[in-house]
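The structure appears right after this line, and notes come after that.
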There are 2 protein chains.
Amino acid sequence: MKISIIGDGGWGTTIALLLYKKGYNITQWGVFPDYVKFLQRKRENPRFLPGIKIPKKIRLTSNMDEAIEDARLVVLAAPSQHMRVVLKEIRACRPKAQTGFISVSKGIENKSLMRMSEVVHQVLGPVQLAVLSGPTISYEVVRRMPTTVVAASHNKDFSKLVQKVFFTDRFRVYTSEDVAGVELGGSLKNVIAISAGMVDGMGFEANTKAGLLARGLAEITRLGMKMGARQHTFYGISGLGDLVTTCISEHGRNRWFGEQIGRGKKAKIVLKKTDMVVEGFATSKSAYELSKKHKVEMPIVRQVHSVLHKNKNPKKAMHELMTRKPKAE
Amino acid sequence: MKISIIGDGGWGTTIALLLYKKGYNITQWGVFPDYVKFLQRKRENPRFLPGIKIPKKIRLTSNMDEAIEDARLVVLAAPSQHMRVVLKEIRACRPKAQTGFISVSKGIENKSLMRMSEVVHQVLGPVQLAVLSGPTISYEVVRRMPTTVVAASHNKDFSKLVQKVFFTDRFRVYTSEDVAGVELGGSLKNVIAISAGMVDGMGFEANTKAGLLARGLAEITRLGMKMGARQHTFYGISGLGDLVTTCISEHGRNRWFGEQIGRGKKAKIVLKKTDMVVEGFATSKSAYELSKKHKVEMPIVRQVHSVLHKNKNPKKAMHELMTRKPKAE
């Protein structure tokens with residue numbers, strides 16, 4: 001079975017390796033021909049997954065026709081704000097009707113406020129589609145740390161196929177039908193992770209971070225339910241689980257980004273200095289707009305948004321969160 | 001207002017300091033006269049809260065009559081398996097009818113499978129009672145790290161009083177009426193924290209821990225709801241929040257205990273070497289019994305119980321958790 005991975009970042013590369021080891025025929029696509037040529041020669045992805053060897057049998061290409069042709073499954077691992085452009089390129093290659101798509105990107109498009117699966121359907125029409133999301137730090141998955149994820153699809157047979165394709169003794173896949181819940185949890189948690197990083201940067205510790213996490217999950221859940229997602233999903237692996245990983249791991253890039261902000265650095269300067277896409281930066285805008293649109297109180301999202309986009313002092317933001325008037329939980 | 005703290009462990013001492021700084025008249029009681037005398041002289045609690053000064057105006061005593069007399073509030077901070085004995089001693093001192101009690105102990109009595117508030121009412125009758133629980137690593141609270149907690153009582157006026165008494169700009173108190181939920185979350189999370197520590201001890205990382213945490217909270221919640229608690233509470237500060245802190249903090253003693261077990265040490269030997277009460281050790285027994293009694297599937301609790309009390313190999317337990325048959329979340 002041919003499976004194509006669209007995107008050559010850390011997570012795309014990790015998935016390519018995982019599925020390759022399970023015996024699938026893997027093609028990985030990257031947008032920049034020069035970087036793809038470099039990967040073909042170097043057989044390592046130093047920018048996003050340093051130190052991990054990429055076997056020669058994983059085909060690397062920047063030609064979308066080559067990637068899409070005869071693929072039974074296409075894994076979409078492009079950054080969320082570039083997903084639409086990439087999908088248009090896929091559409092131009094006329095994928096076969098039986099091609100199934102799996103989105104693994106975590107974000108909400110700024111302009112349309114759409115989830116990735118909505119963007120996929122808008123561009124590609126009613127294709128077979130699942131989203132795969134969970135606490136999956138790439139650097140841990142490639143080293144076979146036990147990991148759990150959720151594969152969600154409105155099509156039960158398809159989520160079961162995805163479960164079967166990805167499942168290993170160290171990569172446990174649960175199925176779900178709550179596509180919106182899985183996508184919103186995976187996207188919105190990055191905003192809370194930035195606040196958790198800010199707490200680290202200011203020198204606060206576990207009590208503070210845990211309180212933020214609990215209150216953050218509560219506000220994400222409130223918004224998600226208004227948008228048609230199931231409450232249960234936010235408290236599972238793709239919600240709470242992913243939130244926890246991103247907030248505690250050294251390798252969590254949204255947490256790391258927040259830490260720099262908490263130390264007093266400016267968002268734009270920090271972003272310029274990294275190759276990584278900090279999804280939470282764009283998502284904080286979408287989340288803030290969604291909270292206004294759906295009239296949901298989201299104090300943490302509001303403060304993160306003010307710090308990142310309105311130059312608010314992070315210490316002031318934290319102080320305001322802690323000193324809101326006493327209330328019931 | 002006189003407030004008495006029953007217990008001279010780390011958390012009892014932290015609460016004494018917190019309330020003292022708010023201007024209350026504080027008496028702290030300890031069970032061992034010799035240790036209390038030592039504290040009176042040393043004005044520091046080196047065993048449980050090293051490096052933190054205890055002001056002279058905090059009265060230290062091992063005489064329960066002295067502690068109870070004229071106290072408006074009595075904070076119960078004894079280890080859960082000793083709570084009943086301590087309460088009988090309090091009863092013998094005939095506290096006044098207007099005395100209110102606040103339980104801050106996290107555990108479930110092994111023999112009766114009762115929560116602390118149930119034990120309090122059984123021994124003291126229908127007294128004013130609240131429970132206070134949340135992500136509260138003592139060593140962080142004494143250093144004024146921003147902390148959030150929940151005060152739960154069936155009596156709304158009393159939980160509001162507790163909120164007012166404890167609230168500071170760095171110690172944010174929410175109220176709740178779900179006494180069972182707050183107590184069960186705070187108690188059962190210690191068993192999950194032991195499993196999280198085992199993961200650390202085996203060298204696994206954030207993905208693994210986050211997955212365990214999410215699945216652990218799900219099984220705790222299932223049990224809690226069968227026992228009459230509200231789902232919402234488990235996803236709040238006293239459930240999820242406390243679970244996260246205990247699982248990530250270096251100072252979380254249940255996590256620390258699990259880490260030793262994950263490294264291959266035997267439970268009894270580890271327990272002998274520490275002065276700390278590892279509440280999760282006893283709670284794992286109660287939780288296991290409760291899961292059988294209420295017919296709730298709790299795979300993580302079952303594995304922790306087998307490792308701690310039936311000598312099961314922790315690596316085998318972890319492997320079994322990861323390789324259960326694929327399912328829906």
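Each chain in the structure tokens gets a letter, A, B, ..., in the order shown, and its residues are numbered from 1; ligands are numbered from 1 in order too.
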
*Please provide as a PyMOL selection string all residues within 10 Å of region 118-131 of chain B, with the sequence filter that same-chain residues fewer than 2 positions apart are discarded (counting only C-alpha atoms).*
chain B and resi 73-76+80+83-92+94-106+108-109+112-116+133+150-162+175-180+182-183

*asked:* Env of Ile261 (chain A): 12 Å cut, atoms = only C-alpha atoms, seq-sep filter 2 positions within chain, self excluded. Answer as a PyMOL selection string.
replied: chain A and resi 194-202+254-259+263-271+281+304+307-309+311-315+317

*Sel. of strand (DSSP E or B) residues, region 112-232 of chain A, as number ranges by chain*: A: 115, 128-133, 147-152, 168, 171-176

For chain A, report every residue with an atom at most 6 Å from chain B (counting only C-alpha atoms), formatted as a PDB file with C-alpha atoms, in the first residue's frame.
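Resulting contents of part_24.pdb:
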```pdb
ATOM      1  CA  PRO A 135       0.249  13.872  22.729  1.00  0.00           C
ATOM      2  CA  THR A 136       2.914  13.176  20.131  1.00  0.00           C
ATOM      3  CA  MET A 145       8.372   6.113  23.690  1.00  0.00           C
ATOM      4  CA  PRO A 146       4.893   4.669  24.353  1.00  0.00           C
ATOM      5  CA  THR A 147       2.439   7.103  22.764  1.00  0.00           C
ATOM      6  CA  THR A 148      -1.355   7.261  22.443  1.00  0.00           C
ATOM      7  CA  ASP A 169       2.951  -1.817  20.366  1.00  0.00           C
ATOM      8  CA  TYR A 174      -8.035   5.043  19.694  1.00  0.00           C
ATOM      9  CA  THR A 175     -10.918   5.819  17.328  1.00  0.00           C
ATOM     10  CA  SER A 176     -13.509   8.572  17.666  1.00  0.00           C
ATOM     11  CA  PHE A 204       6.511  30.129  38.572  1.00  0.00           C
ATOM     12  CA  ALA A 206       3.868  23.357  39.065  1.00  0.00           C
ATOM     13  CA  ASN A 207       0.930  24.702  41.119  1.00  0.00           C
ATOM     14  CA  THR A 208       0.585  27.707  38.850  1.00  0.00           C
ATOM     15  CA  ALA A 210      -1.529  23.072  36.770  1.00  0.00           C
ATOM     16  CA  GLY A 211      -4.108  25.694  37.697  1.00  0.00           C
ATOM     17  CA  ALA A 214      -7.222  23.113  34.376  1.00  0.00           C
ATOM     18  CA  GLY A 236      -9.362  12.565  26.574  1.00  0.00           C
ATOM     19  CA  ILE A 237      -6.069  11.884  24.863  1.00  0.00           C
ATOM     20  CA  GLY A 241      -3.446  14.463  26.990  1.00  0.00           C
ATOM     21  CA  VAL A 244      -0.337  18.127  29.214  1.00  0.00           C
ATOM     22  CA  THR A 245       2.454  16.986  26.895  1.00  0.00           C
ATOM     23  CA  SER A 249       7.824  18.764  27.518  1.00  0.00           C
ATOM     24  CA  THR A 323      -6.745  38.331  40.958  1.00  0.00           C
ATOM     25  CA  LYS A 327     -16.036  32.742  42.326  1.00  0.00           C
ATOM     26  CA  ALA A 328     -17.438  29.242  42.119  1.00  0.00           C
ATOM     27  CA  GLU A 329     -15.589  26.787  39.890  1.00  0.00           C
TER      28      GLU A 329
END
```

*Name the closest residue to Gly262 (chain A) among the candidates A:Met276, A:Lys316, A:Lys226, A:Ala77; distances are taken between atoms, counting only C-alpha atoms.*
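So, comparing all the options, the nearest one is A:Lys316.
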
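For the atom pair formed by CA of Asn45 (chain B) and CA of Ile15 (chain B), the distance is 13.1 Å, given to one decimal.
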
*For Ser291 (chain A), the nearest of the candidates A:Lys22, A:Ala16, A:Gln260, A:Thr221, counting only C-alpha atoms*: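 Result for the nearest residue to Ser291 (chain A): A:Thr221.
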